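Engineer: Got a structure here, written out as structure tokens. Questions coming.
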Amino acid sequence: MLLNLKDLREDYNLDQLTMEDTDPSPFIQFQSWFDVAQQSPVNEPNAMTLATVGADQRPKARIVLLKQVDDQGFVFFTNYDSQKGQDIAANPFASLVFFWDVIQRQVRVEGRVEKISEAESKAYFQSRPKGSQIGATASPQSQVISGREGLKNQVSALEDQYKNEETLPLPGNWGGYRLMPDNIEFWQGRSSRLHDRIRYRLVEGEWLRERLAP
């Protein structure tokens, strides 16, 4: 046995979550919890696990950064040719998970994914640090490469090409996605694993709130 983890545990007892604590809108509820996470020692509260299932029917998960929330959904950015982009093209449904361990809270989001407009993607891309724009343009994300040298050479070439420019043009294969949820669950850790779980489920255009067993 490489690891024996049976005694590795923590009791959750910081807070509770009742139906009365939640807002009728899951987006307002998310904003409330996100504000608390931002004010806590949580590192990068906008880091989230994005899970996709592609044409091969194999689930894949990775950490990405949330960049916008509105009453339509949750926005993140990536290379459209990446593995996640290929998965979404084959199966436009995905899920997100936020875990804020310091405040013992988790949020799960499920729904359909679609690209945001090119204008929105361009505005965000050109607001990023120039080095990040160059890195996104240079990297054939998720593709096999022989080493870092070729990547570094491409970065150097782009740095030279755009040395007199403040921004780079938006790459044709890079931009934003919006996950439009139909299911959002708020989880508050409780003692003895009797956690509080409140789920919002979209039913005929209205959000239904219901408590789930831990």
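Lettering and numbering for the structure tokens are positional, with chains as A, B, ... in the shown order, residues counted from 1 in each chain, and ligands counted from 1 in the shown order.
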Applying 6 Å and only C-alpha atoms, which residues near stretch 65-73 of chain A remain after dropping the ones on its own chain fewer than 4 positions away? List them as a PDB file with N, CA and C atoms, in the first residue's frame.
Structural biologist:
ATOM      1  N   ASN A  46     -11.582  32.152  -7.902  1.00  0.00           N
ATOM      2  CA  ASN A  46     -12.210  31.924  -9.201  1.00  0.00           C
ATOM      3  C   ASN A  46     -11.668  30.688  -9.918  1.00  0.00           C
ATOM      4  N   ALA A  47     -10.763  29.937  -9.272  1.00  0.00           N
ATOM      5  CA  ALA A  47     -10.296  28.673  -9.846  1.00  0.00           C
ATOM      6  C   ALA A  47     -11.398  27.631  -9.715  1.00  0.00           C
ATOM      7  N   ARG A 178     -19.424  30.315 -22.471  1.00  0.00           N
ATOM      8  CA  ARG A 178     -20.344  30.557 -21.366  1.00  0.00           C
ATOM      9  C   ARG A 178     -21.083  29.266 -21.039  1.00  0.00           C
ATOM     10  N   LEU A 179     -20.961  28.799 -19.807  1.00  0.00           N
ATOM     11  CA  LEU A 179     -21.749  27.659 -19.357  1.00  0.00           C
ATOM     12  C   LEU A 179     -23.062  28.205 -18.811  1.00  0.00           C
ATOM     13  N   MET A 180     -24.160  27.815 -19.447  1.00  0.00           N
ATOM     14  CA  MET A 180     -25.498  28.289 -19.065  1.00  0.00           C
ATOM     15  C   MET A 180     -26.156  27.212 -18.215  1.00  0.00           C
TER      16      MET A 180
END
Engineer: Write out as a VMD selection string each polymer residue whose atoms come within 12 Å of A:Tyr162, counting only C-alpha atoms; drop sequence neighbours fewer than 3 positions from it.
Structural biologist: chain A and resid 130 to 131 133 to 134 137 155 to 159 165 to 169
Engineer: As number ranges by chain, please: every residue in stretch 42-214 of chain A that DSSP puts in strand (DSSP E).
Structural biologist: A: 47-53, 59-65, 68-69, 74-79, 93-100, 105-115, 174-188, 196-203, 206-212
Engineer: Running DSSP on the backbone, which parts of stretch 56-213 of chain A land in helix (DSSP H, G or I), as a ChimeraX atom specification?
Structural biologist: /A:83-90,101-103,118-125,130-138,148-161,191-193
Engineer: Extract, using only C-alpha atoms, all DNA, RNA and protein residues at most 9 Å from A:Leu50, discarding same-chain residues fewer than 2 positions from it, and format them as an NGL selection string.
Structural biologist: :A and (48 or 52 or 60-64 or 84 or 94-97)
Engineer: Create the file for the chosen residues now, containing N, CA and C atoms and written as a JSON list (two decimals), in the first residue's frame.
Structural biologist:
[["chain", "number", "residue", "atom", "x", "y", "z"],
["A", 48, "MET", "N", -11.66, 26.92, -10.80],
["A", 48, "MET", "CA", -12.75, 25.94, -10.80],
["A", 48, "MET", "C", -12.36, 24.74, -11.63],
["A", 52, "THR", "N", -15.53, 17.86, -18.78],
["A", 52, "THR", "CA", -16.14, 17.70, -20.09],
["A", 52, "THR", "C", -16.12, 16.23, -20.48],
["A", 60, "LYS", "N", -13.13, 14.18, -18.72],
["A", 60, "LYS", "CA", -11.84, 14.82, -18.48],
["A", 60, "LYS", "C", -12.08, 16.06, -17.64],
["A", 61, "ALA", "N", -11.17, 16.33, -16.73],
["A", 61, "ALA", "CA", -11.33, 17.48, -15.84],
["A", 61, "ALA", "C", -10.01, 18.22, -15.72],
["A", 62, "ARG", "N", -10.11, 19.53, -15.53],
["A", 62, "ARG", "CA", -8.93, 20.37, -15.35],
["A", 62, "ARG", "C", -9.36, 21.66, -14.64],
["A", 63, "ILE", "N", -8.39, 22.39, -14.12],
["A", 63, "ILE", "CA", -8.68, 23.65, -13.46],
["A", 63, "ILE", "C", -8.60, 24.79, -14.48],
["A", 64, "VAL", "N", -9.64, 25.63, -14.52],
["A", 64, "VAL", "CA", -9.62, 26.84, -15.32],
["A", 64, "VAL", "C", -10.08, 27.99, -14.42],
["A", 84, "LYS", "N", -10.28, 20.59, -24.16],
["A", 84, "LYS", "CA", -11.59, 21.01, -23.67],
["A", 84, "LYS", "C", -12.45, 21.57, -24.80],
["A", 94, "ALA", "N", -21.29, 20.51, -19.88],
["A", 94, "ALA", "CA", -20.13, 20.42, -19.00],
["A", 94, "ALA", "C", -20.56, 20.73, -17.57],
["A", 95, "SER", "N", -19.64, 20.55, -16.65],
["A", 95, "SER", "CA", -19.90, 20.89, -15.26],
["A", 95, "SER", "C", -18.69, 21.61, -14.68],
["A", 96, "LEU", "N", -18.97, 22.43, -13.67],
["A", 96, "LEU", "CA", -17.96, 23.20, -12.95],
["A", 96, "LEU", "C", -18.04, 22.85, -11.47],
["A", 97, "VAL", "N", -16.90, 22.88, -10.80],
["A", 97, "VAL", "CA", -16.88, 22.72, -9.34],
["A", 97, "VAL", "C", -15.94, 23.76, -8.74]]
Engineer: Give me the residues within 10 Å of A:Asp11 as a list in words, counting only C-alpha atoms and dropping any in the same chain fewer than 3 places off.
Structural biologist: Leu14, Gln104, Gly189, Arg190, Ser191, Ser192 and Arg193 of chain A
Engineer: Would you mind exporting the chosen residues as an mmCIF file, in the first residue's frame, restricted to C-alpha atoms?
Structural biologist:
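As written to disk, out39.cif reads:
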data_model
loop_
_atom_site.group_PDB
_atom_site.id
_atom_site.type_symbol
_atom_site.label_atom_id
_atom_site.label_comp_id
_atom_site.auth_asym_id
_atom_site.auth_seq_id
_atom_site.Cartn_x
_atom_site.Cartn_y
_atom_site.Cartn_z
ATOM 1 C CA LEU A 14 -17.778 26.694 10.453
ATOM 2 C CA GLN A 104 -15.762 24.753 3.909
ATOM 3 C CA GLY A 189 -19.687 21.408 5.210
ATOM 4 C CA ARG A 190 -21.237 20.292 8.500
ATOM 5 C CA SER A 191 -20.097 18.164 11.399
ATOM 6 C CA SER A 192 -20.208 14.341 11.169
ATOM 7 C CA ARG A 193 -20.554 14.577 7.375
#
